[in-house]
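This report concerns only the one structure given below.
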Amino acid sequence: MDEEYDVIVLGTGLTECILSGLLSVEGKKVLHMDRNDYYGGESASLDLTRLYRKFRPEESKPDEYGRDRDWNVDLIPKFMMANGELVKILIHTDVTRYIEFKDISGSYVASGEKIYKVPASEQDALTSSLMGMFEKRRLKNFLEFLQKWNDEDPSTHQGIDLDKNNMSAVYDKFRLETGTREFVGHAMALYLDDSYLDLPARETYERIILYITSVTRFANLKSPYIYPMYGLGELPQGFARLSAIYGGTYMLNKQIDEIVYENGKVVGVRSENETAKAKQVIGDPSYFPTKVRKVGEVVRAICILTHPIPNTDSNMHSVQLIIPQNQAKRKHDIYVACVSSTHFVCAQNYYLAIVSTIVETDNPEAELQLGLKLLGPIKEKFVYKSDLQEPIEDGTEDGVYISRSYDATSHFESVCADVKDIYKRVTGKDLVLFNP
């Protein structure tokens with residue numbers, strides 16, 4: 001360890017592992033360390049023994065759940081958009097050779113006391129039970145408009161300027177009802193709240209197109225989401241393997257005692273009596289408590305079930321379910337992500353569901369109740385709260401580049417935006433992806 005590196009990376013979360021993989025491929029000498037004895041950090045997948053050790057250290061894993069190796073429980077509930085940035089990064093780096101993926105069976109949204117499948121095409125809109133007959137036609141016209149949009153062809157614009165008109169104005173143009181706007185904005189564009197309505201429509205257009213094109217990205221997808229077999233922890237491990245192939249050095253279970261500075265600039269990292277030297281250090285917020293600020297909290301409940309989520313199709317092995325903020329009478333949406341033994345994340349005849357949201361009160365678990373109620377009987381429940389943190393500075397002055405905490409969104413698009421942002425600050429150039 002007592003040698004010089006181009007970059008030292010602290011923490012093996014997904015953001016950090018993607019960056020170490022990308023930088024190693026480019027020929028950088030990378031040292032990657034983690035205080036934990038497993039990969040993934042906050043985005044790890046844990047066996048049941050580790051899960052109980054983390055949340056119920058006074059208890060042992062019940063024998064009824066079988067072998068540890070049958071369980072890979074995600075700490076952060078996220079799915080991958082099939083046509084999203086993370087898939088593009090996986091293909092660009094060829095990390096797909098290390099990981100297998102499976103589709104998520106269905107995408108649902110709550111409305112009133114019921115849950116409905118989210119339409120993903122004009123045909124879905126016409127057959128959806130979420131809307132009345134006339135509203136189905138209006139939604140069909142709206143989706144056709146978005147898919148036919150061409151920046152270079154004004155005849156496709158119908159008098160709308162995506163960079164000037166806000167999203168409320170676009171909805172008004174197609175006379176969409178409040179309930180339709182709700183599921184389009186929250187279950188297709190995947191916004192956490194309604195603040196997007198007053199912003200230029202361009203980003204919402206791009207988000208909805210991402211949703212639609214993700215459904216058709218690969219053959220036989222039942223939703224826009226895919227998920228790695230054996231859990232999300234496979235993703236950081238795949239990028240760690242990529243880094244190692246290109247010369248990256250990994251050290252798990254390594255205590256980080258000091259970030260070493262000289263004249264206000266980082267020069268290395270000390271662990272016990274060894275110091276690794278580098279002029280650039282990347283890491284997650286937990287390694288830099290004085291260099292980050294808290295911007296919120298996320299509460300999550302990891303639940304073990306013995307059945308699929310009620311009121312979804314009986315053959316649904318996995319589900320994404322969103323309760324929009326107005327349905328929950330909250331400022332933020334509630335998310336439910338459910339996977340099963342089909343994905344090799346739990347023993348046969350079990351399901352894993354994680355309910356999450358942004359904390360708004362001093363009783364975070366109570367804020368999850370609407371989502372928990374939709375799960376039916378719950379066998380085990382592990383509730384925990386995490387701080388949302390972001391770096392105070394951008395790292396250009398001291399050479400320390402800190403990632404953001406994993407937010408409450410149900411996908412990885414914000415993670416990829418963070419990766420691209422840090423990559424550009426570290427290397428001085430944009431990350432250009434091969435897009436097949």
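Residue numbering restarts at 1 for every chain of the structure tokens, chains are lettered A, B, ... in their displayed order, and ligands are numbered from 1 as they appear.
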
Report the residues of segment 229-284 of chain A whose backbone DSSP state falls under strand (DSSP E), written as JSON, numbers by chain. {"A": [249, 250, 251, 258, 259, 260, 261, 262, 265, 266, 267, 268, 269, 270, 271, 274, 275, 276, 277, 281, 282, 283]}

Test item: residues at most 6 Å from segment 310-321 of chain A, only C-alpha atoms, excluding those fewer than 3 positions along its chain, as number ranges by chain: A: 104-109, 336-340

Who sits within 12 Å of Leu143 of chain A, only C-alpha atoms, same chain under 4 positions skipped, as a PyMOL selection string: chain A and resi 119-126+136-139+147-149+170-171+174+176+180+184+188+205+208-209+211-213

Choose the residue, out of A:Val281, A:Leu14, A:Ile115, A:Cys416, that has the smallest atom-to-atom separation from Tyr261 of chain A; count only C-alpha atoms. A:Val281

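Candidate residues A:Gln280, A:Lys114, A:Ile18, A:Leu192 were compared for distance to Leu374 of chain A, and the nearest is A:Lys114, using only C-alpha atoms.
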
Exercise: Ala347 of chain A partners within 8 Å, only C-alpha atoms, chain neighbours under 4 positions left out, as JSON, numbers by chain: {"A": [65, 66, 67, 70, 71, 341]}

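For the pair atom CA of Gly376 of chain A and atom CA of Asn72 of chain A, the interatomic distance is 22.0 Å.
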
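Distances to Asp6 of chain A were evaluated for A:Leu388, A:Ala278, A:Ala328, A:Leu235 using only C-alpha atoms, and the minimum falls at A:Ala278.
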